[in-house]
Structures are given as structure tokens and as C-alpha cells.
Amino acid sequence: MPIVSPPLRRSFVVVLDLLCVWASWAAALWMLHPDPAAALSAPVPLALIGVMHVLVNMGFGLYRDGASYAEGPSSRRMVLAVGVGLAGTVVGMTATGTLPQGVSQELALYPLLLLSLMVVTRFMAAALSPWGDPVRGLEGAQPILLLGESAAAMGVLRAVAQEQERRWRVVGILHDGFKPGTLFEGVKVIGRVGDLPRAAARLQVRNVVLGDWPAALERRRELIGLCRRAGVRAFVTEGADEAAARARPGRTRPVCVEDLMRRDTTALDVGALRDLLTGKVVMVTGAGGSIGSELCRQIAAYQPSMLVLFEQNEFAIYKADADMREAFPELPIASIVGDIKSPNRLNRVMRHYSPSVVFHAAAYKHVPLMEESNAWEAVQNNVYGTYVLAKAAIDAGVRKFVFVSTDKAVNPVNVMGASKRLAEMVCQSLQASSATRFEMVRFGNVLGSAGSVIPRFQEQIDRGGPVTVTHPEMVRYFMSIPEAAQLVLQAGSMGLGGEIFLMDMGEPVKIVDLARDMIRLSERPEGEIRIVYSGLRPGEKLFEELLADDEHTRPTPHPKLRIAKAREADGGPWLDQLVAWLTQDRDLGDAEVRRDLKRWVPEFQSQSRPALKAVTGSRAA
């Protein structure tokens with residue numbers, strides 16, 4: 001059966017609606033008007049009523065591909081469209097003097113007849129013809145099964161059908177809430193969710209779309225395990241929030257490891273964020289990095305007067321600039337290549353653009369890499385760079401300075417964590433004598449960021465393994481890049497100056513469980529990918545803390561943000577001594593850096609070699 005193109009299908013439905021309009025108008029007049037022949041003989045009212053209703057239907061989206069057939073949301077739109085179309089018709093006929101004489105009861109009967117005809121014709125088209133049913137009659141489309149555990153899962157059937165690529169043909173539904181044989185959009189329920197392995201083998205299906213995505217992490221993993229045992233690949237449909245950023249609504253995509261760890265949507269105080277960002281010049285350092293680039297995207301949505309991207313890596317800022325200009329063509333953007341350790345460069349940029357808000361995300365953050373051979377460079381970039389940037393911000397009259405910190409700053413055992421804690425203390429020290437409001441935000445690892453374990457695990461899986469995990473008991477806090485950026489913005493809008501905000505990172509995740517999830521999501525055969533334990537690397541510890549032992553927190557109006565009461569640095573003399581140490585004219589060795597950091601950050605417990613023996617051995621996923 002040939003595939004009917006969406007434009008031709010929409011034209012067919014428009015013609016059907018015109019016939020319904022004229023038939024309903026004629027029936028209402030013929031049944032109730034005293035002189036129906038005279039009322040129907042005038043061509044102007046017929047043309048006007050037809051054009052009016054078609055235009056209104058277009059406005060209500062009744063001719064969008066996949067939305068032209070009866071379902072819950074479309075039926076509600078039909079009721080509204082018929083009502084608005086009738087009102088517009090009456091107004092138009094009255095204005096042109098073409099409203100038939102004696103029409104009153106007819107205007108009550110007509111919309112009821114029209115609505116009934118529109119629903120019936122759509123149901124008939126969906127049941128009898130590929131012109132009406134976008135989930136059937138698709139030659140070349142791949143067969144796919146729909147899995148569901150709730151009635152809401154049936155909405156996914158329509159979303160799958162709306163994809164412009166038309167790549168799927170739903171051949172069956174596996175559902176725990178409906179009896180086999182039940183029909184939805186012409187597709188039959190053929191069994192329960194647990195029947196997937198048998199159904200996939202019988203129908204030779206290699207893909208399934210999950211109509212339900214449970215909140216419980218364990219149930220999500222069970223579904224992915226079921227798909228793996230059945231030898232099929234799992235897909236989900238993107239929600240409205242994802243679709244706005246990455247794809248069209250309803251577009252299906254493969255399940256990824258982030259889906260197995262997704263948390264509740266973060267609610268934002270939009271009014272406070274508008275006050276902070278809208279109409280302001282906003283500067284983001286590290287704008288080419290994972291967090292920095294996401295901050296730029298989210299800031300741009302609040303319509304700042306200008307966005308200044310500051311980045312040392314040339315290629316990273318080139319890509320960030322191109323992405324931002326494509327996504328936000330109307331937003332003035334300045335992309336600046338520079339080093340945050342350069343006072344002259346920063347002062348010149350600050351004077352030229354006069355930012356009102358600065359988000360400081362630039363940092364060296366890779367723990368083992370910064371621990372050996374690069375310790376002094378980590379301190380220079382993370383501490384001295386923060387000091388130089390903060391001083392330039394103060395001199396330029398920046399209103400708000402938001403410093404992106406890390407959970408590794410709590411009871412640090414590595415140079416990277418100690419350098420970030422020291423940078424927090426620098427901001428707190430400067431706050432005492434500055435009108436600029438400094439805010440610090442700590443959070444853990446972000447899923448899929450540059451240098452994170454996820455890209456590394458994926459490379460190893462693509463090569464056929466093994467996947468290397470440092471220790472079977474290592475745990476980390478994770479959140480998505482968009483959520484982390486949202487909470488950084490929210491913290492920036494809330495702070496009064498000098499606070500350290502802590503993000504609710506949820507439950508810690510075992511790294512080995514993360515590796516197993518990624519292996520399950522791969523298309524590799526069961527048992528092919530091994531996990532090998534390689535031992536802790538320099539500067540690593542088994543778990544990260546969000547609060548130091550001598551800290552306590554207090555709540556904020558936002559449920560996912562708390563404020564830590566941390567030990568603060570001393571005043572001017574302490575900062576002067578620190579800057580003198582940072583600007584000395586020699587390159588310090590790793591051992592010297594760790595020794596001196598203990599003086600500046602008393603809670604720092606140097607761990608230059610792994611604290612635990614490497615765990616050797618391997619196992620299959």
C-alpha cells in the first residue's frame with residue numbers, strides 16, 4: 001500500500017471538513033428553517049462558513065500531521081474550533097448582511113451536527129485507510145512493539161506516529177492493564193510486558209518503545225534487563241522539556257544511561273531569574289565546557305542584553321559560539337579567547353562589556369591529572385585565576401559573581417579539591433570589602449560532561465571491552481548537565497553575598513552499577529563485555545562528601561538548594577599572603593604544592609598515592 005504524504009493527507013482532511021460544514025449547515029436549515037430552499041440558495045453564506053471553519057481549524061492545529069484524527073486532545077480542540085468557527089461565521093454574515101432571515105434554532109443545531117460529522121469522518125478514516133491512520137500502511141518502516149503499564153502509555157502510540165521520518169510501524173502492544181485483543185488506533189494488544197522475549201521472536205521485532213518510564217530506578221533497570229534478554233533495543237519518546245532543546249515533540253530516541261538516573265524536574269523561580277538575567281550583560285567563563293556551554297544556553301533563554309563567552313580553548317569557544325548563534329540568532333554574543341590568569345586581558349574585557357553578572361565555570365577539574373606533574377598549574381588556574389577574575393569583576397562594578405565549585409572541596413584529599421576550596425575562601429575574603437555579591441555553588445559529577453566516566457565507558461564498550469572501574473565500592477553523586485546549570489542559575493538569583501550553596505545531589509551511585517547499566521544499554525551480546533577493577537588512582541577516594549565535618553546547613557526557599565555555614569578565611573592580611581604565594585616567581589613541585597596547601601586549607605589531607613590497594617580481577621557484566 002503506498003505511503004500518502006502528509007501534505008496530501010492534510011488536504012484530504014480539509015476537503016472532508018468542508019463537506020461536513022456544508023452538510024451540517026444544510027441539514028440544520030432543512031430541518032428547522034421555514035424556507036430552507038431560499039436560505040440555501042445564496043452562495044455567499046456557504047462560501048463564508050466553509051472558509052471560516054477551515055481557517056479556525058488550522059488555528060487550532062486540527063490539520064497538523066498526526067493530529068487530524070479523533071483522540072482526547074484533538075476532540076477537545078474540535079469542540080473549541082467548532083464554537084469559535086460558529087461565532088466567526090455569525091459575525092461575518094452579520095457584517096456582510098448575508099445571514100439568512102429567521103435563523104435562530106438552526107444556530108444551536110448546526111454545531112452539534114458539525115461536531116458529530118467531524119468525529120465520525122475522522123474515526124472512519126483512521127479505521128479504513130492509510131490516509132487517516134499514520135501508524136499503518138508505512139512501507140519500509142521498521143516494525144516496533146509498544147510496552148506499557150498504564151493507560152497513559154497509549155499516548156505514546158500517537159507520538160510515535162507523528163515522527164516526520166515515519167521510521168516506525170507499530171505491530172503490537174504489550175500492556176499489563178488491557179486484555180489481549182484490545183485495539184488502540186488499529187493496533188492490537190498481544191500480551192503482557194513480560195511476554196516481550198516471546199513476542200519479539202515471533203514477530204521478528206528488534207526495537208521497542210517504552211510507553212511508561214517508571215519513577216523507580218530499579219523498575220527502569222528491570223525493563224532494560226527485559227529488553228536485553230529479548231534482544232531488542234529500547235526507545236523512549238522525548239518529553240516537552242527535552243524536545244524544546246534537542247528535538248521535535250514526540251521524537252523517539254534510544255534509552256541512554258542518563259534516563260536510568262533521571263530525577264524529578266527542577267522547579268525554578270522564573271521571576272527571580274528574570275530579575276537577575278533579563279536585559280543584563282552576562283559573562284560566562286569556561287563557556288566552551290560542559291557546564292559553561294549549558295549555562296550559556298539557559299541564560300540566553302532569559303533574553304540578556306548581551307552574552308559574553310570567555311574561554312581559553314580556541315576550538316571549544318568556536319563551537320560554543322557557532323551553537324549559540326544558530327540557536328539564538330537575535331542575541332548579541334561576544335566570544336572572547338583569553339586566560340583567566342591574565343589581569344590585563346580581563347580588565348580590558350570587563351571595561352569594554354561592563355557585565356552585570358559573571359558565572360565563573362572555568363577550571364581544571366580532572367583529579368588524577370592535576371594530582372601529579374600538574375599540581376601547581378591546577379592551583380594557579382583554579383585559585384589565582386579566580387582571584388584575578390574576581391578582582392576584575394569588583395573593579396568593573398559587577399553586581400553578582402557566581403563561582404562554580406565542587407563536592408571535592410569538602411574535606412579535600414586531592415589538589416583539585418583543595419584548590420577549589422581555597423578559591424571559595426578567596427571569594428569569601430573578597431566579599432567582606434566589596435559591593436559585588438559572591439556566591440559559591442557546590443555539586444558533584446554531571447552525566448556526560450567532558451572528562452567524565454560515561455564517555456570513557458562508552459569508548460571501551462564500543463571497542464568490545466573491557467570496561468575499567470577503579471574500585472567495586474566507589475560511589476559518586478551524579479546529576480544531569482541541564483539540572484546542574486539550572487541550580488547554578490537559581491543559586492545565583494538567591495544569594496545575598498558570601499553563601500556556599502549545596503545542591504541536592506540525590507542518592508550516590510556506584511560506579512560499577514553505572515558501568516553495568518551502560519553495558520545493558522549497548523547492543524553487545526550478553527556476557528561479552530567484562531568489567532575490570534584497576535584500583536584507585538592518585539587523589540581519588542571511594543566517596544565524595546557534600547558537607548565538611550565542621551559545617552552545617554540551613555534551608556533555602558528552593559527544595560534542592562541548601563546553604564552551608566563553612567569556615568571562612570581571615571581578612572586582608574590572609575589574602576595578601578595568599579596572593580604573594582600564588583605570584584612567586586618560580587614553579588613549585590607537586591610535593592611543595594601539597595605541603596603549602598595544608599597551610600592554606602587546614603582540612604586538606606594529602607593523598608598523593610591511592611589510599612587503598614588496587615582491587616585486581618575482572619568479571620562479566
# chains A, B, ... in the order shown; residues from 1 in each chain; ligands from 1
call {"tool": "select_by_dssp", "arguments": {"residues": "stretch 260-400 of chain A", "states": "strand (DSSP E)", "output": "list in words"}}
result
Val281, Val282, Met283, Val284, Thr285, Met306, Leu307, Val308, Leu309, Phe310, Glu311, Ile333, Ala334, Ser335, Ile336, Val337, Val357, Val358, Phe359, His360 and Lys400 of chain A
call {"tool": "select_by_dssp", "arguments": {"residues": "stretch 364-438 of chain A", "states": "helix (DSSP H, G or I)", "output": "count of residues only"}}
result
46
call {"tool": "closest_residue", "arguments": {"among": "A:Ser293, A:Thr583, A:Ser11, A:Ser150", "to": "A:Phe310", "atoms": "only C-alpha atoms"}}
result
A:Ser293
call {"tool": "atom_distance", "arguments": {"atom1": "atom CA of A:Leu99", "atom2": "atom CA of A:Ala26"}}
result
13.8 Å
call {"tool": "residues_around", "arguments": {"residues": "stretch 355-372 of chain A", "least_positions_apart": "6", "cutoff": "7 Å", "atoms": "only C-alpha atoms", "output": "PyMOL selection string"}}
result
chain A and resi 280-286+291-292+378+381-382+398-404+414-416+537-539+590
call {"tool": "closest_residue", "arguments": {"among": "A:Ile144, A:Leu295, A:Leu210, A:Leu582", "to": "A:Val171", "atoms": "only C-alpha atoms"}}
result
A:Ile144
call {"tool": "atom_distance", "arguments": {"atom1": "atom CA of A:Arg594", "atom2": "atom CA of A:Cys427"}}
result
21.3 Å
call {"tool": "residues_around", "arguments": {"residues": "A:Gly92", "least_positions_apart": "3", "cutoff": "12 Å", "atoms": "only C-alpha atoms", "output": "short mmCIF file (atom, residue, chain, number, x, y, z; two decimals) with N, CA, C and O atoms, in the first residue's frame"}}
result
data_model
loop_
_atom_site.label_atom_id
_atom_site.label_comp_id
_atom_site.auth_asym_id
_atom_site.auth_seq_id
_atom_site.Cartn_x
_atom_site.Cartn_y
_atom_site.Cartn_z
N VAL A 44 -23.04 33.02 -1.07
CA VAL A 44 -22.09 33.72 -0.20
C VAL A 44 -22.01 33.11 1.19
O VAL A 44 -20.91 32.86 1.71
N PRO A 45 -23.15 32.83 1.86
CA PRO A 45 -23.04 32.21 3.19
C PRO A 45 -22.32 30.86 3.17
O PRO A 45 -21.55 30.56 4.07
N LEU A 46 -22.58 30.04 2.15
CA LEU A 46 -21.91 28.73 2.07
C LEU A 46 -20.40 28.89 1.96
O LEU A 46 -19.63 28.18 2.61
N ALA A 47 -19.97 29.81 1.10
CA ALA A 47 -18.53 30.03 0.95
C ALA A 47 -17.93 30.59 2.23
O ALA A 47 -16.85 30.15 2.68
N LEU A 48 -18.61 31.55 2.84
CA LEU A 48 -18.09 32.19 4.04
C LEU A 48 -17.97 31.20 5.19
O LEU A 48 -16.95 31.14 5.89
N ILE A 49 -19.00 30.38 5.38
CA ILE A 49 -18.97 29.44 6.50
C ILE A 49 -17.90 28.38 6.31
O ILE A 49 -17.23 27.95 7.24
N GLY A 50 -17.68 27.96 5.05
CA GLY A 50 -16.65 26.97 4.78
C GLY A 50 -15.25 27.52 5.04
O GLY A 50 -14.42 26.89 5.71
N VAL A 51 -14.96 28.71 4.50
CA VAL A 51 -13.63 29.32 4.68
C VAL A 51 -13.37 29.61 6.16
O VAL A 51 -12.27 29.36 6.68
N MET A 52 -14.39 30.13 6.86
CA MET A 52 -14.22 30.48 8.27
C MET A 52 -13.84 29.25 9.10
O MET A 52 -12.89 29.27 9.90
N HIS A 53 -14.56 28.15 8.91
CA HIS A 53 -14.28 26.97 9.72
C HIS A 53 -12.92 26.35 9.40
O HIS A 53 -12.21 25.89 10.30
N GLY A 85 -15.52 28.82 15.30
CA GLY A 85 -15.90 28.94 13.89
C GLY A 85 -17.32 29.42 13.72
O GLY A 85 -17.62 30.24 12.83
N LEU A 86 -18.24 28.92 14.58
CA LEU A 86 -19.63 29.37 14.50
C LEU A 86 -19.73 30.86 14.84
O LEU A 86 -20.41 31.62 14.14
N ALA A 87 -19.05 31.27 15.90
CA ALA A 87 -19.09 32.69 16.27
C ALA A 87 -18.55 33.56 15.16
O ALA A 87 -19.13 34.62 14.82
N GLY A 88 -17.44 33.16 14.57
CA GLY A 88 -16.85 33.94 13.48
C GLY A 88 -17.76 33.99 12.27
O GLY A 88 -17.87 35.02 11.58
N THR A 89 -18.44 32.87 12.00
CA THR A 89 -19.36 32.83 10.85
C THR A 89 -20.53 33.79 11.05
O THR A 89 -20.91 34.54 10.13
N ALA A 95 -21.98 41.06 9.38
CA ALA A 95 -21.26 42.21 8.84
C ALA A 95 -21.50 42.38 7.34
O ALA A 95 -21.54 43.50 6.83
N THR A 96 -21.67 41.26 6.63
CA THR A 96 -21.86 41.33 5.17
C THR A 96 -23.33 41.31 4.78
O THR A 96 -23.66 41.39 3.59
N GLY A 97 -24.23 41.22 5.79
CA GLY A 97 -25.66 41.22 5.51
C GLY A 97 -26.15 39.97 4.81
O GLY A 97 -27.16 40.01 4.10
N THR A 98 -25.47 38.84 4.99
CA THR A 98 -25.84 37.60 4.30
C THR A 98 -26.42 36.56 5.24
O THR A 98 -26.62 35.42 4.83
N LEU A 99 -26.65 36.90 6.51
CA LEU A 99 -27.22 35.94 7.46
C LEU A 99 -28.68 35.71 7.07
O LEU A 99 -29.47 36.65 6.98
#
call {"tool": "closest_atom_pairs", "arguments": {"of": "stretch 382-438 of chain A", "to": "stretch 485-506 of chain A", "cutoff": "12 Å", "atoms": "only C-alpha atoms", "output": "Markdown table"}}
result
| residue | atom | partner | partner_atom | distance |
| --- | --- | --- | --- | --- |
| A:Arg399 | CA | A:Gly497 | CA | 10.3 |
| A:Lys400 | CA | A:Gly492 | CA | 7.4 |
| A:Phe401 | CA | A:Gly492 | CA | 7.8 |
| A:Val402 | CA | A:Gly492 | CA | 5.9 |
| A:Phe403 | CA | A:Val488 | CA | 8.8 |
| A:Val404 | CA | A:Val488 | CA | 7.4 |
| A:Ser405 | CA | A:Ile500 | CA | 9.0 |
| A:Thr406 | CA | A:Leu502 | CA | 9.2 |
| A:Asp407 | CA | A:Leu502 | CA | 8.5 |
| A:Ala409 | CA | A:Ile500 | CA | 11.3 |
| A:Val410 | CA | A:Leu502 | CA | 11.0 |
| A:Arg421 | CA | A:Ile500 | CA | 10.7 |
| A:Ala423 | CA | A:Ile500 | CA | 11.8 |
| A:Glu424 | CA | A:Ile500 | CA | 8.1 |
| A:Met425 | CA | A:Gly498 | CA | 9.4 |
| A:Val426 | CA | A:Gly498 | CA | 10.4 |
| A:Cys427 | CA | A:Gly498 | CA | 7.3 |
| A:Gln428 | CA | A:Gly498 | CA | 5.3 |
| A:Ser429 | CA | A:Gly498 | CA | 8.6 |
| A:Leu430 | CA | A:Gly498 | CA | 9.0 |
| A:Gln431 | CA | A:Gly498 | CA | 6.1 |
| A:Ala432 | CA | A:Gly498 | CA | 8.3 |
| A:Ser433 | CA | A:Gly497 | CA | 11.2 |
| A:Ser434 | CA | A:Gly497 | CA | 9.6 |
| A:Ala435 | CA | A:Gly497 | CA | 9.0 |
| A:Thr436 | CA | A:Gly497 | CA | 7.8 |
| A:Arg437 | CA | A:Gly497 | CA | 4.4 |
| A:Phe438 | CA | A:Gly497 | CA | 5.0 |
call {"tool": "write_last_selection", "arguments": {"atoms": "N, CA and C atoms", "output": "PDB file, in the first residue's frame"}}
result
ATOM      1  N   ARG A 399      27.704  43.194  39.553  1.00  0.00           N
ATOM      2  CA  ARG A 399      26.741  43.096  40.655  1.00  0.00           C
ATOM      3  C   ARG A 399      26.755  41.724  41.324  1.00  0.00           C
ATOM      4  N   LYS A 400      26.872  40.648  40.537  1.00  0.00           N
ATOM      5  CA  LYS A 400      26.800  39.296  41.076  1.00  0.00           C
ATOM      6  C   LYS A 400      27.884  38.425  40.432  1.00  0.00           C
ATOM      7  N   PHE A 401      28.624  37.686  41.277  1.00  0.00           N
ATOM      8  CA  PHE A 401      29.698  36.806  40.831  1.00  0.00           C
ATOM      9  C   PHE A 401      29.378  35.415  41.376  1.00  0.00           C
ATOM     10  N   VAL A 402      29.091  34.455  40.486  1.00  0.00           N
ATOM     11  CA  VAL A 402      28.713  33.102  40.887  1.00  0.00           C
ATOM     12  C   VAL A 402      29.853  32.150  40.527  1.00  0.00           C
ATOM     13  N   PHE A 403      30.426  31.524  41.557  1.00  0.00           N
ATOM     14  CA  PHE A 403      31.571  30.632  41.394  1.00  0.00           C
ATOM     15  C   PHE A 403      31.093  29.176  41.426  1.00  0.00           C
ATOM     16  N   VAL A 404      31.387  28.431  40.368  1.00  0.00           N
ATOM     17  CA  VAL A 404      31.015  27.022  40.281  1.00  0.00           C
ATOM     18  C   VAL A 404      32.082  26.193  40.982  1.00  0.00           C
ATOM     19  N   SER A 405      31.721  25.608  42.128  1.00  0.00           N
ATOM     20  CA  SER A 405      32.663  24.813  42.910  1.00  0.00           C
ATOM     21  C   SER A 405      32.333  23.328  42.764  1.00  0.00           C
ATOM     22  N   THR A 406      32.763  22.516  43.724  1.00  0.00           N
ATOM     23  CA  THR A 406      32.647  21.067  43.593  1.00  0.00           C
ATOM     24  C   THR A 406      32.508  20.421  44.964  1.00  0.00           C
ATOM     25  N   ASP A 407      31.904  19.227  44.994  1.00  0.00           N
ATOM     26  CA  ASP A 407      31.854  18.485  46.248  1.00  0.00           C
ATOM     27  C   ASP A 407      33.235  18.015  46.694  1.00  0.00           C
ATOM     28  N   ALA A 409      35.638  19.818  47.186  1.00  0.00           N
ATOM     29  CA  ALA A 409      36.196  20.842  48.070  1.00  0.00           C
ATOM     30  C   ALA A 409      35.921  20.538  49.536  1.00  0.00           C
ATOM     31  N   VAL A 410      35.101  19.539  49.806  1.00  0.00           N
ATOM     32  CA  VAL A 410      34.760  19.165  51.180  1.00  0.00           C
ATOM     33  C   VAL A 410      35.772  18.137  51.680  1.00  0.00           C
ATOM     34  N   ARG A 421      38.444  24.568  47.133  1.00  0.00           N
ATOM     35  CA  ARG A 421      38.102  25.080  48.466  1.00  0.00           C
ATOM     36  C   ARG A 421      38.817  26.398  48.728  1.00  0.00           C
ATOM     37  N   ALA A 423      39.732  28.528  46.468  1.00  0.00           N
ATOM     38  CA  ALA A 423      39.076  29.547  45.636  1.00  0.00           C
ATOM     39  C   ALA A 423      37.784  30.029  46.291  1.00  0.00           C
ATOM     40  N   GLU A 424      37.045  29.125  46.947  1.00  0.00           N
ATOM     41  CA  GLU A 424      35.865  29.542  47.703  1.00  0.00           C
ATOM     42  C   GLU A 424      36.254  30.549  48.788  1.00  0.00           C
ATOM     43  N   MET A 425      37.335  30.253  49.490  1.00  0.00           N
ATOM     44  CA  MET A 425      37.788  31.127  50.569  1.00  0.00           C
ATOM     45  C   MET A 425      38.230  32.483  50.034  1.00  0.00           C
ATOM     46  N   VAL A 426      38.823  32.507  48.839  1.00  0.00           N
ATOM     47  CA  VAL A 426      39.197  33.775  48.208  1.00  0.00           C
ATOM     48  C   VAL A 426      37.951  34.630  47.976  1.00  0.00           C
ATOM     49  N   CYS A 427      36.902  34.023  47.441  1.00  0.00           N
ATOM     50  CA  CYS A 427      35.665  34.764  47.179  1.00  0.00           C
ATOM     51  C   CYS A 427      35.057  35.280  48.482  1.00  0.00           C
ATOM     52  N   GLN A 428      35.072  34.445  49.521  1.00  0.00           N
ATOM     53  CA  GLN A 428      34.529  34.878  50.804  1.00  0.00           C
ATOM     54  C   GLN A 428      35.336  36.028  51.393  1.00  0.00           C
ATOM     55  N   SER A 429      36.655  35.973  51.233  1.00  0.00           N
ATOM     56  CA  SER A 429      37.506  37.042  51.752  1.00  0.00           C
ATOM     57  C   SER A 429      37.253  38.355  51.017  1.00  0.00           C
ATOM     58  N   LEU A 430      37.095  38.287  49.708  1.00  0.00           N
ATOM     59  CA  LEU A 430      36.830  39.492  48.920  1.00  0.00           C
ATOM     60  C   LEU A 430      35.448  40.066  49.219  1.00  0.00           C
ATOM     61  N   GLN A 431      34.502  39.182  49.591  1.00  0.00           N
ATOM     62  CA  GLN A 431      33.146  39.647  49.858  1.00  0.00           C
ATOM     63  C   GLN A 431      33.104  40.671  50.992  1.00  0.00           C
ATOM     64  N   ALA A 432      34.019  40.524  51.958  1.00  0.00           N
ATOM     65  CA  ALA A 432      33.982  41.366  53.149  1.00  0.00           C
ATOM     66  C   ALA A 432      34.163  42.846  52.829  1.00  0.00           C
ATOM     67  N   SER A 433      34.875  43.150  51.750  1.00  0.00           N
ATOM     68  CA  SER A 433      35.167  44.555  51.448  1.00  0.00           C
ATOM     69  C   SER A 433      34.686  44.967  50.061  1.00  0.00           C
ATOM     70  N   SER A 434      33.671  44.252  49.538  1.00  0.00           N
ATOM     71  CA  SER A 434      33.257  44.506  48.166  1.00  0.00           C
ATOM     72  C   SER A 434      31.749  44.658  48.071  1.00  0.00           C
ATOM     73  N   ALA A 435      31.313  45.491  47.119  1.00  0.00           N
ATOM     74  CA  ALA A 435      29.883  45.613  46.833  1.00  0.00           C
ATOM     75  C   ALA A 435      29.400  44.491  45.923  1.00  0.00           C
ATOM     76  N   THR A 436      30.319  43.837  45.238  1.00  0.00           N
ATOM     77  CA  THR A 436      29.963  42.682  44.404  1.00  0.00           C
ATOM     78  C   THR A 436      29.543  41.528  45.308  1.00  0.00           C
ATOM     79  N   ARG A 437      28.450  40.884  44.962  1.00  0.00           N
ATOM     80  CA  ARG A 437      27.967  39.755  45.750  1.00  0.00           C
ATOM     81  C   ARG A 437      28.542  38.449  45.188  1.00  0.00           C
ATOM     82  N   PHE A 438      29.293  37.751  46.020  1.00  0.00           N
ATOM     83  CA  PHE A 438      29.913  36.493  45.617  1.00  0.00           C
ATOM     84  C   PHE A 438      29.077  35.319  46.133  1.00  0.00           C
TER      85      PHE A 438
END
call {"tool": "closest_residue", "arguments": {"among": "A:Ile529, A:Ile461, A:Val469, A:Ala418", "to": "A:Lys598", "atoms": "only C-alpha atoms"}}
result
A:Ala418
call {"tool": "atom_distance", "arguments": {"atom1": "atom CA of A:Leu331", "atom2": "atom CA of A:Gly271"}}
result
20.3 Å
